[in-house]
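Raw query06.cif, mmCIF, C-alpha atoms:
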data_final
#
loop_
_atom_site.label_atom_id
_atom_site.label_comp_id
_atom_site.auth_asym_id
_atom_site.auth_seq_id
_atom_site.Cartn_x
_atom_site.Cartn_y
_atom_site.Cartn_z
CA MET J 123 0.00 0.00 0.00
CA PHE J 124 1.20 3.48 -0.78
CA LEU J 125 1.09 5.71 2.28
CA LYS J 126 1.31 9.43 2.80
CA THR J 127 3.02 10.23 6.09
CA GLU J 128 4.34 13.20 7.94
CA LEU J 129 7.89 12.85 9.17
CA GLN J 130 10.28 14.84 11.26
CA TRP J 131 13.98 14.52 10.61
CA ASN J 132 16.96 16.50 11.79
CA VAL J 133 19.08 18.03 9.07
CA VAL J 134 22.66 18.95 9.89
CA ILE J 135 24.28 21.80 7.99
CA PRO J 136 28.08 21.80 8.39
CA ALA J 137 29.56 24.98 9.77
CA GLU J 138 31.62 25.65 6.65
CA SER J 139 28.58 25.79 4.39
CA LEU J 140 26.89 28.43 6.53
CA ASP J 141 27.59 31.77 4.96
CA ALA J 142 26.30 35.27 5.29
CA LYS J 143 23.74 34.84 2.51
CA GLY J 144 20.78 33.84 4.64
CA LEU J 145 18.54 33.13 1.66
CA MET J 146 20.72 30.24 0.60
CA LEU J 147 20.26 28.50 3.92
CA GLN J 148 16.72 27.30 3.29
CA LYS J 149 17.80 25.87 -0.03
CA ALA J 150 20.79 24.18 1.58
CA ILE J 151 18.51 22.54 4.15
CA VAL J 152 16.10 21.24 1.53
CA VAL J 153 18.90 19.95 -0.71
CA ARG J 154 20.44 18.17 2.25
CA LEU J 155 17.09 16.71 3.25
CA LEU J 156 16.40 15.43 -0.27
CA ASP J 157 19.83 13.88 -0.34
CA GLU J 158 19.34 12.05 2.93
CA PHE J 159 15.85 11.03 1.94
CA SER J 160 17.01 9.19 -1.16
CA LYS J 161 20.02 7.71 0.63
CA ARG J 162 17.81 6.28 3.38
CA LYS J 163 15.92 4.30 0.71
CA ALA J 164 13.60 2.52 3.14
CA THR J 165 12.80 2.12 6.82
CA LYS J 166 11.46 -0.88 8.68
CA ASP J 167 8.31 0.95 9.80
CA LEU J 168 7.36 2.99 6.76
CA GLY J 169 8.67 0.79 3.99
CA TYR J 170 10.27 2.25 0.87
CA LEU J 171 10.62 6.01 0.71
CA LEU J 172 9.45 7.15 -2.71
CA ALA J 173 9.22 10.88 -2.79
CA LEU J 174 9.14 13.87 -0.58
CA THR J 175 6.05 15.89 -1.39
CA THR J 176 6.07 19.01 0.78
CA VAL J 177 8.28 20.58 3.39
CA GLU J 178 5.87 21.72 6.10
CA LYS J 179 8.16 23.42 8.54
CA ILE J 180 11.82 24.12 9.20
CA GLY J 181 12.36 24.60 12.92
CA GLU J 182 14.86 26.75 14.68
CA GLY J 183 18.47 25.67 14.25
CA LYS J 184 20.53 24.48 17.17
CA VAL J 185 24.28 24.95 17.13
CA ARG J 186 26.19 21.82 18.05
CA GLN J 187 29.02 22.25 20.47
CA HIS J 188 32.60 21.60 19.31
CA THR J 189 31.83 21.30 15.59
CA GLY J 190 29.73 24.40 15.11
CA ASP J 191 27.38 22.53 12.77
CA VAL J 192 23.76 23.57 12.91
CA LEU J 193 20.94 21.09 13.32
CA PHE J 194 17.49 21.93 11.97
CA PRO J 195 14.35 19.92 12.76
CA VAL J 196 12.39 19.64 9.51
CA THR J 197 8.79 18.48 9.22
CA PHE J 198 7.73 17.17 5.81
CA SER J 199 5.28 14.90 4.01
CA ALA J 200 6.41 11.92 2.02
CA ILE J 201 5.03 8.95 0.12
CA SER J 202 6.12 5.47 1.07
CA PHE J 203 5.27 1.92 0.04
CA LYS J 204 4.77 -0.83 2.58
CA LEU J 205 3.52 -4.39 2.26
CA PHE J 206 1.05 -5.63 4.84
CA ARG J 207 0.43 -9.25 5.71
CA GLY J 208 -2.93 -10.26 4.25
CA GLU J 209 -2.95 -7.43 1.71
CA ILE J 210 -3.95 -8.23 -1.86
CA LEU J 211 -1.81 -6.67 -4.57
CA GLU J 212 -0.83 -6.98 -8.19
CA GLY J 213 2.68 -7.50 -9.50
CA LEU J 214 4.67 -8.45 -12.54
CA VAL J 215 6.58 -11.75 -12.89
CA HIS J 216 10.20 -11.10 -13.88
CA LYS J 217 11.88 -14.42 -13.18
CA VAL J 218 10.73 -18.03 -13.39
CA LEU J 219 12.58 -20.66 -11.37
CA LYS J 220 11.84 -24.30 -10.80
CA GLN J 221 10.91 -23.56 -7.19
CA GLY J 222 8.65 -20.63 -7.96
CA VAL J 223 8.51 -17.19 -9.54
CA ILE J 224 9.85 -13.78 -8.56
CA LEU J 225 7.73 -10.68 -8.99
CA ARG J 226 8.11 -6.96 -8.98
CA CYS J 227 5.62 -4.98 -6.98
CA GLY J 228 6.00 -1.25 -6.47
CA PRO J 229 9.65 -0.58 -5.65
CA ILE J 230 10.18 -4.15 -4.41
CA GLU J 231 12.02 -6.54 -6.72
CA ASN J 232 12.06 -9.61 -4.48
CA VAL J 233 8.49 -10.77 -4.17
CA TYR J 234 8.66 -14.55 -4.07
CA LEU J 235 5.81 -16.85 -4.98
CA SER J 236 6.89 -20.37 -4.12
CA SER J 237 5.51 -23.29 -6.12
CA SER J 238 4.19 -24.66 -2.81
CA LYS J 239 1.95 -21.59 -2.56
CA MET J 240 0.36 -22.29 -5.95
CA PRO J 241 -0.30 -26.03 -5.62
CA ASP J 242 -2.49 -26.40 -8.70
CA TYR J 243 0.24 -25.01 -10.97
CA LYS J 244 2.93 -27.31 -12.39
CA TYR J 245 6.37 -26.28 -13.58
CA VAL J 246 6.85 -26.58 -17.35
CA PRO J 247 10.58 -26.48 -18.25
CA GLY J 248 11.86 -25.18 -21.59
CA GLU J 249 13.46 -22.14 -23.17
CA ASN J 250 10.79 -20.01 -21.57
CA PRO J 251 9.88 -21.97 -18.47
CA LEU J 252 6.50 -21.31 -16.89
CA PHE J 253 3.91 -22.63 -14.49
CA MET J 254 0.59 -23.93 -15.77
CA ASN J 255 -2.56 -25.38 -14.23
CA ASP J 256 -5.28 -27.73 -15.57
CA LYS J 257 -7.27 -24.81 -16.91
CA MET J 258 -4.27 -23.78 -19.07
CA SER J 259 -3.76 -20.67 -16.99
CA LYS J 260 -0.09 -19.71 -17.38
CA ILE J 261 2.34 -17.93 -15.08
CA GLY J 262 5.47 -16.93 -16.96
CA LYS J 263 7.77 -13.97 -17.40
CA GLY J 264 5.84 -10.74 -18.02
CA VAL J 265 2.56 -12.04 -16.60
CA THR J 266 0.59 -9.85 -14.20
CA LEU J 267 -0.49 -11.66 -11.04
CA ARG J 268 -2.86 -10.84 -8.25
CA PHE J 269 -1.61 -12.31 -4.98
CA ILE J 270 -1.92 -12.17 -1.20
CA VAL J 271 1.00 -11.16 1.05
CA ILE J 272 2.03 -13.93 3.45
CA GLY J 273 4.89 -12.07 5.04
CA ALA J 274 7.50 -9.38 4.49
CA LYS J 275 10.98 -9.40 5.94
CA TRP J 276 13.13 -6.34 6.54
CA LEU J 277 16.79 -6.78 5.66
CA GLU J 278 18.66 -4.21 7.69
CA ALA J 279 22.01 -4.50 5.88
CA GLU J 280 20.53 -4.04 2.40
CA ARG J 281 17.79 -1.68 3.58
CA GLU J 282 15.35 -3.74 1.59
CA PHE J 283 12.28 -5.89 2.01
CA GLN J 284 11.74 -9.44 0.87
CA ALA J 285 8.21 -10.66 0.55
CA LEU J 286 6.54 -14.05 0.42
CA VAL J 287 3.22 -14.21 -1.37
CA GLY J 288 0.64 -16.83 -2.27
CA LEU J 289 -2.32 -17.56 -4.51
CA HIS J 290 -4.30 -19.51 -1.90
CA ALA J 291 -7.53 -17.49 -1.94
CA ASP J 292 -10.35 -16.81 -4.38
CA TYR J 293 -9.89 -14.39 -7.26
CA LEU J 294 -6.10 -14.60 -7.16
CA GLY J 295 -3.85 -15.55 -10.07
CA PRO J 296 -3.03 -14.15 -13.51
CA VAL J 297 -4.97 -11.05 -14.58
CA SER J 298 -5.31 -9.94 -18.16
CA MET E 200 3.81 -3.72 14.36
CA SER E 201 5.43 -4.57 17.62
CA GLY E 202 4.04 -8.06 17.77
CA GLU E 203 1.23 -7.62 20.27
CA GLU E 204 -1.23 -8.89 17.68
CA GLU E 205 -0.38 -10.49 14.41
CA GLU E 206 -0.69 -8.20 11.42
CA ASN E 207 -3.46 -9.12 9.04
CA ALA E 208 -4.72 -6.64 6.48
CA ALA E 209 -7.74 -8.82 5.74
CA GLU E 210 -9.03 -8.07 9.24
CA LEU E 211 -7.71 -4.53 9.18
CA LYS E 212 -5.05 -5.39 11.74
CA ILE E 213 -2.31 -3.20 10.33
CA GLY E 214 -1.36 -1.12 13.35
CA ASP E 215 -3.05 2.04 14.53
CA GLU E 216 -0.53 4.37 12.97
CA PHE E 217 -1.31 2.92 9.54
CA LEU E 218 -5.06 2.80 10.02
CA LYS E 219 -4.93 6.52 10.58
CA ALA E 220 -2.33 7.23 7.91
CA LYS E 221 -3.51 8.41 4.58
CA CYS E 222 -3.32 5.67 1.99
CA LEU E 223 -2.99 6.45 -1.68
CA MET E 224 -4.34 4.59 -4.69
CA ASN E 225 -1.93 3.64 -7.47
CA CYS E 226 -3.57 6.16 -9.80
CA GLU E 227 -3.08 8.96 -7.25
CA VAL E 228 0.57 8.04 -6.73
CA SER E 229 1.01 7.99 -10.49
CA LEU E 230 -0.23 11.58 -10.81
CA ILE E 231 1.99 12.78 -7.96
CA LEU E 232 5.14 11.01 -9.18
CA GLU E 233 4.68 12.08 -12.78
CA HIS E 234 4.27 15.67 -11.70
CA LYS E 235 7.37 15.35 -9.54
CA PHE E 236 9.32 13.82 -12.42
CA GLU E 237 8.42 16.73 -14.71
CA GLN E 238 9.51 19.20 -12.05
CA LEU E 239 12.86 17.48 -11.70
CA GLN E 240 13.33 17.40 -15.45
CA GLN E 241 12.92 21.14 -15.62
CA MET E 242 15.43 21.64 -12.85
CA SER E 243 18.24 19.57 -14.26
CA ASP E 244 19.57 18.54 -17.67
CA ASP E 245 19.73 14.90 -16.79
CA PRO E 246 16.82 13.93 -14.56
CA ARG E 247 18.21 10.43 -14.02
CA ASN E 248 20.80 11.96 -11.73
CA GLN E 249 18.11 13.16 -9.40
CA VAL E 250 15.64 10.32 -9.39
CA SER E 251 16.27 7.48 -6.99
CA GLN E 252 15.82 3.87 -8.03
CA VAL E 253 12.94 3.51 -5.62
CA PHE E 254 11.25 6.45 -7.34
CA GLU E 255 11.86 5.10 -10.82
CA LYS E 256 10.61 1.58 -10.08
CA SER E 257 7.55 2.91 -8.30
CA LEU E 258 6.70 5.23 -11.17
CA GLN E 259 6.92 2.34 -13.63
CA TYR E 260 4.71 0.25 -11.39
CA VAL E 261 1.95 2.79 -10.80
CA LYS E 262 1.87 3.73 -14.47
CA ARG E 263 1.17 0.12 -15.32
CA PHE E 264 -1.19 -0.63 -12.45
CA SER E 265 -3.40 2.46 -12.45
CA ARG E 266 -7.02 1.77 -13.33
CA TYR E 267 -7.74 5.41 -13.94
CA LYS E 268 -5.50 7.84 -15.80
CA ASN E 269 -7.54 11.00 -16.10
CA PRO E 270 -6.98 13.29 -13.06
CA ASP E 271 -10.71 14.10 -12.82
CA ALA E 272 -11.61 10.43 -12.79
CA VAL E 273 -9.01 9.77 -10.11
CA LYS E 274 -10.58 12.44 -7.95
CA GLN E 275 -14.08 11.07 -8.55
CA VAL E 276 -13.05 7.55 -7.55
CA ARG E 277 -11.95 8.77 -4.14
CA GLU E 278 -15.04 10.94 -3.79
CA ILE E 279 -17.42 8.11 -4.56
CA LEU E 280 -15.67 5.53 -2.41
CA SER E 281 -15.57 8.02 0.47
CA ARG E 282 -19.35 7.87 0.68
CA TYR E 283 -19.28 4.23 1.78
CA GLN E 284 -17.73 4.46 5.27
CA LEU E 285 -14.58 2.65 4.29
CA THR E 286 -11.23 2.97 6.00
CA GLU E 287 -8.45 4.56 3.96
CA PHE E 288 -6.89 1.14 3.48
CA GLU E 289 -10.08 -0.49 2.19
CA LEU E 290 -10.82 2.44 -0.08
CA CYS E 291 -7.45 2.15 -1.79
CA VAL E 292 -7.54 -1.63 -2.20
CA LEU E 293 -10.93 -1.32 -3.93
CA GLY E 294 -9.73 1.58 -6.09
CA ASN E 295 -6.61 -0.36 -7.08
CA LEU E 296 -8.17 -3.71 -7.88
CA CYS E 297 -11.60 -2.59 -9.16
CA PRO E 298 -13.46 -5.81 -8.40
CA GLU E 299 -16.34 -6.55 -10.73
CA THR E 300 -18.68 -8.53 -8.50
CA VAL E 301 -19.78 -8.30 -4.88
CA GLU E 302 -18.22 -11.68 -4.18
CA GLU E 303 -14.90 -10.55 -5.65
CA ALA E 304 -14.98 -7.31 -3.65
CA ILE E 305 -15.47 -9.22 -0.41
CA ALA E 306 -12.61 -11.57 -1.33
CA MET E 307 -10.33 -8.58 -1.93
CA VAL E 308 -11.41 -6.68 1.21
CA PRO E 309 -12.88 -9.23 3.67
CA SER E 310 -13.10 -6.58 6.39
CA ILE E 311 -16.00 -4.78 4.65
CA LYS E 312 -18.22 -7.70 5.64
CA ALA E 313 -16.94 -7.87 9.20
CA LYS E 314 -19.27 -7.68 12.18
CA GLY E 315 -20.69 -4.29 12.92
CA ARG E 316 -20.05 -2.90 9.47
CA VAL E 317 -22.96 -1.51 7.51
CA HIS E 318 -22.25 -3.00 4.11
CA ASP E 319 -24.91 -5.28 2.75
CA ASP E 320 -24.49 -6.82 -0.68
CA GLU E 321 -26.75 -4.20 -2.20
CA ALA E 322 -24.60 -1.31 -1.00
CA ILE E 323 -21.44 -3.01 -2.24
CA ASP E 324 -23.08 -3.67 -5.59
CA LYS E 325 -24.03 -0.02 -5.93
CA MET E 326 -20.50 1.03 -5.07
CA LEU E 327 -19.03 -1.23 -7.75
CA ASN E 328 -21.49 0.09 -10.31
CA ASP E 329 -20.50 3.65 -9.49
CA LEU E 330 -16.86 2.73 -9.96
CA ALA E 331 -17.52 1.02 -13.27
CA LEU E 332 -19.37 4.11 -14.49
CA ILE E 333 -16.36 6.34 -13.89
CA LYS E 334 -14.20 3.97 -15.89
CA LYS E 335 -16.71 3.94 -18.71
CA PHE E 336 -16.85 7.71 -19.03
CA GLU E 337 -13.18 8.39 -18.42
#

Just dump the structure as structure tokens.
Amino acid sequence: MFLKTELQWNVVIPAESLDAKGLMLQKAIVVRLLDEFSKRKATKDLGYLLALTTVEKIGEGKVRQHTGDVLFPVTFSAISFKLFRGEILEGLVHKVLKQGVILRCGPIENVYLSSSKMPDYKYVPGENPLFMNDKMSKIGKGVTLRFIVIGAKWLEAEREFQALVGLHADYLGPVS
Amino acid sequence: MSGEEEENAAELKIGDEFLKAKCLMNCEVSLILEHKFEQLQQMSDDPRNQVSQVFEKSLQYVKRFSRYKNPDAVKQVREILSRYQLTEFELCVLGNLCPETVEEAIAMVPSIKAKGRVHDDEAIDKMLNDLALIKKFE
């Protein structure tokens, strides 16, 4: 689900980039914030950070002792994408393996649908391997699937999520 | 969620902070990101320098998975769904998946039929018809 949330982060402006031209300061804060926002990539609670929409408020700066850097509390709105257990979503198959398929959904590349979570589909090997059921419904590369989220795991080191999904409910499977 | 109760979107157990958060439909995100992308293009010669991978992948995704493209239609979808006492989360799932039948809608958003909710099949049917109409006249 895409979410719109309000966040408050502290932005640190190094002492050497503070100059007499006060007008530049606001720009420097926003540039710094944007930079940190895209570097952060994702957080465990909010999911992937897509875009910063509006800067609501830049609070009063506090000078840090010793370094002389100035820290500004900034309140802003942003859009994020988070998977919830039990949520139904659509995604695009981009890899077919013997054990299952891997989908893309929103910013997430590692959405795994194991063959054990689509029991009526059988693996069909070949140049373009795919999964197929008795009703000739096919799951191969480039197919759009509707699935249910079984679980999502946060990988701290990579700052990424991995998700497990299934087709074990009504109205799930390939969509045209 | 800090584990006190297991998360399950089908029963709307997604944590209080998210129940209150504003959810966005794919088509709404598509409008916002495209606008943002244009802004960035005007600001720099090579927009790829400025756009993060997360942004780029999300934009591709919402472009492909938006049921409504026209900004007026997107607005109408939210307006119409807002009349049916749905939570933000339910509203967006329905707007994203556009179920065609009452049975399908309940499968996609089981919580709309939960105890204490006011949705009978007739109300859900009317809601789906309203949605289909927007699509038709888009």

Evaluate the PyMOL selection byres ((chain J) within 10 of (chain E)) and report residues as a VMD selection string: chain J and resid 123 to 128 156 to 157 159 to 161 163 to 164 166 to 168 170 to 175 201 to 214 226 to 231 266 268 to 273 291 to 294

Could you state which residues are captured by the PyMOL selection byres ((chain E and resi 336) around 12) in this file, as a PDB file with C-alpha atoms, in the coordinates of the input?
ATOM      1  CA  TYR E 267      -7.740   5.410 -13.940  1.00  0.00           C
ATOM      2  CA  LYS E 268      -5.500   7.840 -15.800  1.00  0.00           C
ATOM      3  CA  ASN E 269      -7.540  11.000 -16.100  1.00  0.00           C
ATOM      4  CA  ASP E 271     -10.710  14.100 -12.820  1.00  0.00           C
ATOM      5  CA  ALA E 272     -11.610  10.430 -12.790  1.00  0.00           C
ATOM      6  CA  GLN E 275     -14.080  11.070  -8.550  1.00  0.00           C
ATOM      7  CA  ASP E 329     -20.500   3.650  -9.490  1.00  0.00           C
ATOM      8  CA  LEU E 330     -16.860   2.730  -9.960  1.00  0.00           C
ATOM      9  CA  ALA E 331     -17.520   1.020 -13.270  1.00  0.00           C
ATOM     10  CA  LEU E 332     -19.370   4.110 -14.490  1.00  0.00           C
ATOM     11  CA  ILE E 333     -16.360   6.340 -13.890  1.00  0.00           C
ATOM     12  CA  LYS E 334     -14.200   3.970 -15.890  1.00  0.00           C
ATOM     13  CA  LYS E 335     -16.710   3.940 -18.710  1.00  0.00           C
ATOM     14  CA  GLU E 337     -13.180   8.390 -18.420  1.00  0.00           C
TER      15      GLU E 337
END

Report as a PDB file with C-alpha atoms, in the frame of the given file the residues that result from applying the PyMOL selection byres ((chain J and resi 154) around 12) to the structure here.
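What landed in selection-v4.pdb:
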ATOM      1  CA  TRP J 131      13.980  14.520  10.610  1.00  0.00           C
ATOM      2  CA  ASN J 132      16.960  16.500  11.790  1.00  0.00           C
ATOM      3  CA  VAL J 133      19.080  18.030   9.070  1.00  0.00           C
ATOM      4  CA  VAL J 134      22.660  18.950   9.890  1.00  0.00           C
ATOM      5  CA  ILE J 135      24.280  21.800   7.990  1.00  0.00           C
ATOM      6  CA  PRO J 136      28.080  21.800   8.390  1.00  0.00           C
ATOM      7  CA  SER J 139      28.580  25.790   4.390  1.00  0.00           C
ATOM      8  CA  LEU J 147      20.260  28.500   3.920  1.00  0.00           C
ATOM      9  CA  GLN J 148      16.720  27.300   3.290  1.00  0.00           C
ATOM     10  CA  LYS J 149      17.800  25.870  -0.030  1.00  0.00           C
ATOM     11  CA  ALA J 150      20.790  24.180   1.580  1.00  0.00           C
ATOM     12  CA  ILE J 151      18.510  22.540   4.150  1.00  0.00           C
ATOM     13  CA  VAL J 152      16.100  21.240   1.530  1.00  0.00           C
ATOM     14  CA  VAL J 153      18.900  19.950  -0.710  1.00  0.00           C
ATOM     15  CA  LEU J 155      17.090  16.710   3.250  1.00  0.00           C
ATOM     16  CA  LEU J 156      16.400  15.430  -0.270  1.00  0.00           C
ATOM     17  CA  ASP J 157      19.830  13.880  -0.340  1.00  0.00           C
ATOM     18  CA  GLU J 158      19.340  12.050   2.930  1.00  0.00           C
ATOM     19  CA  PHE J 159      15.850  11.030   1.940  1.00  0.00           C
ATOM     20  CA  SER J 160      17.010   9.190  -1.160  1.00  0.00           C
ATOM     21  CA  LYS J 161      20.020   7.710   0.630  1.00  0.00           C
ATOM     22  CA  LEU J 193      20.940  21.090  13.320  1.00  0.00           C
ATOM     23  CA  PHE J 194      17.490  21.930  11.970  1.00  0.00           C
ATOM     24  CA  VAL J 196      12.390  19.640   9.510  1.00  0.00           C
TER      25      VAL J 196
END

Please, what distance in Å, to one decimal, runs between CA of Val215 in chain J and CA of Arg266 in chain E?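 Taking CA of Val215 in chain J and CA of Arg266 in chain E, their separation equals 19.2 Å.
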
Please compute the CA of Gly315 in chain E-CA of Ala274 in chain J distance, one decimal, in Å. 29.9 Å

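Atom pair CA of Asn250 in chain J / CA of Val265 in chain J: separated by 12.5 Å.
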
If I put a ball of radius 9 Å at (2.8, -11.5, -18.4) in the file's coordinates, which residues poke into it when counting all atoms listed in the file, written as a PDB file with C-alpha atoms, in the coordinates of the input?
ATOM      1  CA  LEU J 214       4.670  -8.450 -12.540  1.00  0.00           C
ATOM      2  CA  VAL J 215       6.580 -11.750 -12.890  1.00  0.00           C
ATOM      3  CA  HIS J 216      10.200 -11.100 -13.880  1.00  0.00           C
ATOM      4  CA  LYS J 260      -0.090 -19.710 -17.380  1.00  0.00           C
ATOM      5  CA  ILE J 261       2.340 -17.930 -15.080  1.00  0.00           C
ATOM      6  CA  GLY J 262       5.470 -16.930 -16.960  1.00  0.00           C
ATOM      7  CA  LYS J 263       7.770 -13.970 -17.400  1.00  0.00           C
ATOM      8  CA  GLY J 264       5.840 -10.740 -18.020  1.00  0.00           C
ATOM      9  CA  VAL J 265       2.560 -12.040 -16.600  1.00  0.00           C
ATOM     10  CA  THR J 266       0.590  -9.850 -14.200  1.00  0.00           C
ATOM     11  CA  LEU J 267      -0.490 -11.660 -11.040  1.00  0.00           C
ATOM     12  CA  PRO J 296      -3.030 -14.150 -13.510  1.00  0.00           C
ATOM     13  CA  VAL J 297      -4.970 -11.050 -14.580  1.00  0.00           C
ATOM     14  CA  SER J 298      -5.310  -9.940 -18.160  1.00  0.00           C
TER      15      SER J 298
END

Enumerate, as a count of residues only, the protein, DNA and RNA residues whose atoms approach (10.2, -6.9, -0.5) to within 6 Å, taking into account all atoms listed in the file and the coordinate frame of the file. 6

Spatial neighbours of Phe198 in chain J, 7 Å, all atoms listed in the file, chain gap at least 4 places, as a compact mmCIF listing (two decimals) with C-alpha atoms, in the coordinates of the input:
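Final file, selection25.txt:
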# COMPACT_ATOMS: atom_id res chain seq x y z
CA GLU J 128 4.34 13.20 7.94
CA LEU J 129 7.89 12.85 9.17
CA GLN J 130 10.28 14.84 11.26
CA THR J 176 6.07 19.01 0.78
CA VAL J 177 8.28 20.58 3.39
CA GLU J 178 5.87 21.72 6.10
CA LYS J 179 8.16 23.42 8.54

What box, with edges along x, y and z, holds each listed atom of range 126-133 of chain J when 5 Å is added on every side, and can you state its centre and edge lengths in Å to one decimal, as AutoDock Vina command-line options?
--center_x 10.2 --center_y 13.7 --center_z 7.3 --size_x 27.8 --size_y 18.6 --size_z 19.0

Can I get N, CA and C atoms for range 262-285 of chain E, as a short mmCIF file (atom, residue, chain, number, x, y, z; two decimals), in the first residue's frame?
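Result file follows (selection-v8.cif):
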data_model
loop_
_atom_site.label_atom_id
_atom_site.label_comp_id
_atom_site.auth_asym_id
_atom_site.auth_seq_id
_atom_site.Cartn_x
_atom_site.Cartn_y
_atom_site.Cartn_z
N LYS E 262 2.34 3.44 -13.11
CA LYS E 262 1.87 3.73 -14.47
C LYS E 262 1.16 2.51 -15.05
N ARG E 263 1.74 1.35 -14.78
CA ARG E 263 1.17 0.12 -15.32
C ARG E 263 -0.08 -0.32 -14.56
N PHE E 264 -0.10 -0.09 -13.26
CA PHE E 264 -1.19 -0.63 -12.45
C PHE E 264 -2.20 0.43 -11.99
N SER E 265 -2.36 1.48 -12.77
CA SER E 265 -3.40 2.46 -12.45
C SER E 265 -4.64 2.15 -13.28
N ARG E 266 -5.78 2.04 -12.61
CA ARG E 266 -7.02 1.77 -13.33
C ARG E 266 -7.56 3.02 -13.99
N TYR E 267 -7.23 4.15 -13.42
CA TYR E 267 -7.74 5.41 -13.94
C TYR E 267 -6.57 6.32 -14.26
N LYS E 268 -6.62 6.99 -15.42
CA LYS E 268 -5.50 7.84 -15.80
C LYS E 268 -5.87 9.32 -15.70
N ASN E 269 -7.09 9.63 -16.06
CA ASN E 269 -7.54 11.00 -16.10
C ASN E 269 -7.65 11.58 -14.68
N PRO E 270 -6.99 12.73 -14.42
CA PRO E 270 -6.98 13.29 -13.06
C PRO E 270 -8.39 13.50 -12.48
N ASP E 271 -9.34 13.90 -13.32
CA ASP E 271 -10.71 14.10 -12.82
C ASP E 271 -11.32 12.78 -12.37
N ALA E 272 -11.08 11.75 -13.15
CA ALA E 272 -11.61 10.43 -12.79
C ALA E 272 -11.00 9.95 -11.49
N VAL E 273 -9.71 10.18 -11.33
CA VAL E 273 -9.01 9.77 -10.11
C VAL E 273 -9.66 10.43 -8.89
N LYS E 274 -9.95 11.71 -9.04
CA LYS E 274 -10.58 12.44 -7.95
C LYS E 274 -11.97 11.87 -7.65
N GLN E 275 -12.72 11.60 -8.71
CA GLN E 275 -14.08 11.07 -8.55
C GLN E 275 -14.08 9.72 -7.85
N VAL E 276 -13.11 8.88 -8.17
CA VAL E 276 -13.05 7.55 -7.55
C VAL E 276 -12.97 7.70 -6.04
N ARG E 277 -12.08 8.58 -5.59
CA ARG E 277 -11.95 8.77 -4.14
C ARG E 277 -13.24 9.35 -3.56
N GLU E 278 -13.82 10.31 -4.28
CA GLU E 278 -15.04 10.94 -3.79
C GLU E 278 -16.16 9.91 -3.60
N ILE E 279 -16.33 9.09 -4.61
CA ILE E 279 -17.42 8.11 -4.56
C ILE E 279 -17.18 7.07 -3.48
N LEU E 280 -15.96 6.54 -3.42
CA LEU E 280 -15.67 5.53 -2.41
C LEU E 280 -15.77 6.09 -0.99
N SER E 281 -15.50 7.40 -0.85
CA SER E 281 -15.57 8.02 0.47
C SER E 281 -16.98 8.01 1.05
N ARG E 282 -17.98 7.86 0.19
CA ARG E 282 -19.35 7.87 0.68
C ARG E 282 -19.72 6.56 1.38
N TYR E 283 -18.87 5.55 1.30
CA TYR E 283 -19.28 4.23 1.78
C TYR E 283 -18.65 3.81 3.11
N GLN E 284 -18.28 4.77 3.94
CA GLN E 284 -17.73 4.46 5.27
C GLN E 284 -16.65 3.38 5.23
N LEU E 285 -15.70 3.58 4.36
CA LEU E 285 -14.58 2.65 4.29
C LEU E 285 -13.40 3.27 5.01
#
